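Chemist: Contents of coords29.cif (mmCIF, C-alpha atoms) are given next:
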data_model
loop_
_atom_site.group_PDB
_atom_site.id
_atom_site.type_symbol
_atom_site.label_atom_id
_atom_site.label_comp_id
_atom_site.auth_asym_id
_atom_site.auth_seq_id
_atom_site.Cartn_x
_atom_site.Cartn_y
_atom_site.Cartn_z
ATOM 1 C CA MET A 1 0.212 -3.251 9.347
ATOM 2 C CA TRP A 2 -1.681 -0.540 7.457
ATOM 3 C CA ARG A 3 -2.335 3.182 7.776
ATOM 4 C CA PHE A 4 -5.117 5.693 7.453
ATOM 5 C CA ALA A 5 -5.383 9.465 7.673
ATOM 6 C CA LEU A 6 -8.145 11.565 9.161
ATOM 7 C CA LYS A 7 -8.771 15.296 9.168
ATOM 8 C CA LEU A 8 -7.693 16.877 12.464
ATOM 9 C CA ALA A 9 -11.279 17.440 13.650
ATOM 10 C CA ASP A 10 -12.180 13.783 13.010
ATOM 11 C CA ALA A 11 -8.980 12.571 14.676
ATOM 12 C CA ALA A 12 -9.777 14.664 17.754
ATOM 13 C CA ASN A 13 -13.061 12.792 18.115
ATOM 14 C CA CYS A 14 -11.328 9.403 18.297
ATOM 15 C CA ALA A 15 -11.111 8.167 21.858
ATOM 16 C CA ARG A 16 -7.458 7.533 22.714
ATOM 17 C CA GLN A 17 -8.430 4.559 24.882
ATOM 18 C CA HIS A 18 -10.293 2.915 21.981
ATOM 19 C CA LEU A 19 -7.352 3.525 19.644
ATOM 20 C CA LEU A 20 -4.920 1.851 22.022
ATOM 21 C CA GLN A 21 -7.217 -1.127 22.573
ATOM 22 C CA ALA A 22 -7.446 -1.617 18.803
ATOM 23 C CA ASP A 23 -3.615 -1.452 18.389
ATOM 24 C CA VAL A 24 -3.801 1.914 16.621
ATOM 25 C CA ALA A 25 -1.222 4.653 17.168
ATOM 26 C CA GLU A 26 -0.470 7.990 15.609
ATOM 27 C CA ASP A 27 2.358 7.629 13.083
ATOM 28 C CA PHE A 28 4.333 10.875 13.409
ATOM 29 C CA ASP A 29 7.225 9.843 11.136
ATOM 30 C CA PHE A 30 5.026 8.634 8.290
ATOM 31 C CA SER A 31 2.766 11.652 8.664
ATOM 32 C CA SER A 32 5.761 13.954 8.188
ATOM 33 C CA ALA A 33 7.048 11.935 5.244
ATOM 34 C CA VAL A 34 3.769 12.221 3.318
ATOM 35 C CA ARG A 35 3.291 15.856 4.399
ATOM 36 C CA ALA A 36 -0.020 15.062 6.054
ATOM 37 C CA PHE A 37 0.631 17.689 8.729
ATOM 38 C CA HIS A 38 0.580 20.389 6.036
ATOM 39 C CA SER A 39 -2.852 19.317 4.816
ATOM 40 C CA GLY A 40 -4.377 19.132 8.291
ATOM 41 C CA GLU A 41 -4.395 15.342 8.569
ATOM 42 C CA VAL A 42 -3.292 12.889 11.219
ATOM 43 C CA VAL A 43 -1.927 9.516 10.086
ATOM 44 C CA PHE A 44 -2.558 6.427 12.183
ATOM 45 C CA LEU A 45 -0.764 3.090 12.059
ATOM 46 C CA VAL A 46 -2.738 -0.099 12.670
ATOM 47 C CA GLU A 47 -0.722 -3.090 13.870
ATOM 48 C CA GLY A 48 -1.905 -6.500 12.785
ATOM 49 C CA TYR A 49 -4.675 -7.010 10.262
ATOM 50 C CA ASP A 50 -2.090 -7.659 7.534
ATOM 51 C CA SER A 51 -4.674 -8.951 5.079
ATOM 52 C CA ILE A 52 -7.479 -6.408 5.006
ATOM 53 C CA THR A 53 -9.744 -5.106 2.263
ATOM 54 C CA VAL A 54 -10.725 -1.496 1.704
ATOM 55 C CA ASP A 55 -14.269 -2.251 2.896
ATOM 56 C CA GLN A 56 -12.974 -3.900 6.074
ATOM 57 C CA ALA A 57 -10.633 -0.973 6.714
ATOM 58 C CA LEU A 58 -13.457 1.542 6.272
ATOM 59 C CA GLN A 59 -15.698 -0.411 8.664
ATOM 60 C CA PHE A 60 -12.860 -0.593 11.201
ATOM 61 C CA ILE A 61 -12.240 3.176 11.028
ATOM 62 C CA ARG A 62 -15.931 4.077 11.201
ATOM 63 C CA ALA A 63 -16.437 1.807 14.208
ATOM 64 C CA LEU A 64 -13.396 3.256 15.945
ATOM 65 C CA CYS A 65 -13.704 6.955 15.115
ATOM 66 C CA ASN A 66 -17.086 7.400 13.432
ATOM 67 C CA ALA A 67 -15.302 9.082 10.519
ATOM 68 C CA ALA A 68 -14.255 8.416 6.960
ATOM 69 C CA PRO A 69 -10.538 8.427 6.184
ATOM 70 C CA THR A 70 -9.061 11.042 3.892
ATOM 71 C CA ARG A 71 -6.238 8.693 2.861
ATOM 72 C CA LEU A 72 -5.609 4.958 3.148
ATOM 73 C CA TRP A 73 -2.494 2.802 2.778
ATOM 74 C CA LEU A 74 -2.872 -0.972 2.493
ATOM 75 C CA GLY A 75 0.068 -3.276 1.873
ATOM 76 C CA GLY A 76 2.435 -0.306 1.705
ATOM 77 C CA GLU A 77 0.501 1.237 -1.179
ATOM 78 C CA GLU A 78 -1.802 4.252 -1.069
ATOM 79 C CA VAL A 79 -5.294 3.466 -2.294
ATOM 80 C CA ASP A 80 -8.339 5.621 -2.866
ATOM 81 C CA PRO A 81 -10.503 5.229 0.274
ATOM 82 C CA VAL A 82 -13.673 5.278 -1.846
ATOM 83 C CA THR A 83 -12.833 3.055 -4.795
ATOM 84 C CA GLY A 84 -9.873 1.071 -3.483
ATOM 85 C CA ALA A 85 -7.926 1.878 -6.660
ATOM 86 C CA PRO A 86 -4.173 2.460 -6.289
ATOM 87 C CA ILE A 87 -3.102 6.094 -6.268
#
Take the structure in this file and express it as structure tokens.
Modeler:
Amino acid sequence: MWRFALKLADAANCARQHLLQADVAEDFDFSSAVRAFHSGEVVFLVEGYDSITVDQALQFIRALCNAAPTRLWLGGEEVDPVTGAPI
């Protein structure tokens, strides 16, 4: 399981059907906990794919939503979506 955040406009462009087929769901609780709602982001939870790299995650998100994430959490840790460095 891992998470990513998108700006609201980018999230609106994601097809709900494609998200569900890829085992992706909006994570309301986590989004509230990290205050993503206040910065205009939507946080998504991806089931499966436990061992994933930053590059693989970025490819997955681009293929699914044609957007770059604003935030990324892998292995329970927030990482920079550009460099992959822990935040």
Chemist: Which is closest to Ala9 in chain A among A:Ala85, A:Cys65, A:Leu74, A:Leu58, if we use all atoms listed in the file?
Modeler: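 Of all the options, A:Cys65 lies closest to Ala9 in chain A.
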Chemist: Using all atoms listed in the file - which residues lie no farther than 9 Å from the point (1.6, -0.7, 10.6) in the file's frame? Write them as a list in words.
Modeler: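 Every polymer residue passing the test: Met1, Trp2, Arg3, Val24, Ala25, Asp27, Phe44, Leu45, Val46, Glu47, Gly48, Tyr49, Asp50 and Gly76 of chain A.
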Chemist: Looking at A:Ala5, A:Val42, A:Ala11, A:Ala22, which one is nearest to Glu78 in chain A, with distances taken over all atoms listed in the file?
Modeler: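 Between A:Ala5, A:Val42, A:Ala11, A:Ala22, the residue approaching Glu78 in chain A most closely is A:Ala5.
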Chemist: Given the file shown, determine the residues that the PyMOL selection byres ((chain A and resi 15) around 12) selects; report them as a count of residues only.
Modeler: 19
Chemist: Just say which residues the PyMOL selection byres ((chain A and resi 34) around 12) picks in this file, as a list in words.
Modeler: Arg3, Phe4, Ala5, Asp27, Phe28, Asp29, Phe30, Ser31, Ser32, Ala33, Arg35, Ala36, Phe37, His38, Ser39, Gly40, Glu41, Val42, Val43, Arg71, Leu72, Trp73 and Glu78 of chain A
Chemist: Output C-alpha atoms of each residue in that selection to a file, as an mmCIF file, in the frame of the given file.
Modeler:
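selection-v5.cif, written as the output of this step:
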data_model
loop_
_atom_site.group_PDB
_atom_site.id
_atom_site.type_symbol
_atom_site.label_atom_id
_atom_site.label_comp_id
_atom_site.auth_asym_id
_atom_site.auth_seq_id
_atom_site.Cartn_x
_atom_site.Cartn_y
_atom_site.Cartn_z
ATOM 1 C CA ARG A 3 -2.335 3.182 7.776
ATOM 2 C CA PHE A 4 -5.117 5.693 7.453
ATOM 3 C CA ALA A 5 -5.383 9.465 7.673
ATOM 4 C CA ASP A 27 2.358 7.629 13.083
ATOM 5 C CA PHE A 28 4.333 10.875 13.409
ATOM 6 C CA ASP A 29 7.225 9.843 11.136
ATOM 7 C CA PHE A 30 5.026 8.634 8.290
ATOM 8 C CA SER A 31 2.766 11.652 8.664
ATOM 9 C CA SER A 32 5.761 13.954 8.188
ATOM 10 C CA ALA A 33 7.048 11.935 5.244
ATOM 11 C CA ARG A 35 3.291 15.856 4.399
ATOM 12 C CA ALA A 36 -0.020 15.062 6.054
ATOM 13 C CA PHE A 37 0.631 17.689 8.729
ATOM 14 C CA HIS A 38 0.580 20.389 6.036
ATOM 15 C CA SER A 39 -2.852 19.317 4.816
ATOM 16 C CA GLY A 40 -4.377 19.132 8.291
ATOM 17 C CA GLU A 41 -4.395 15.342 8.569
ATOM 18 C CA VAL A 42 -3.292 12.889 11.219
ATOM 19 C CA VAL A 43 -1.927 9.516 10.086
ATOM 20 C CA ARG A 71 -6.238 8.693 2.861
ATOM 21 C CA LEU A 72 -5.609 4.958 3.148
ATOM 22 C CA TRP A 73 -2.494 2.802 2.778
ATOM 23 C CA GLU A 78 -1.802 4.252 -1.069
#
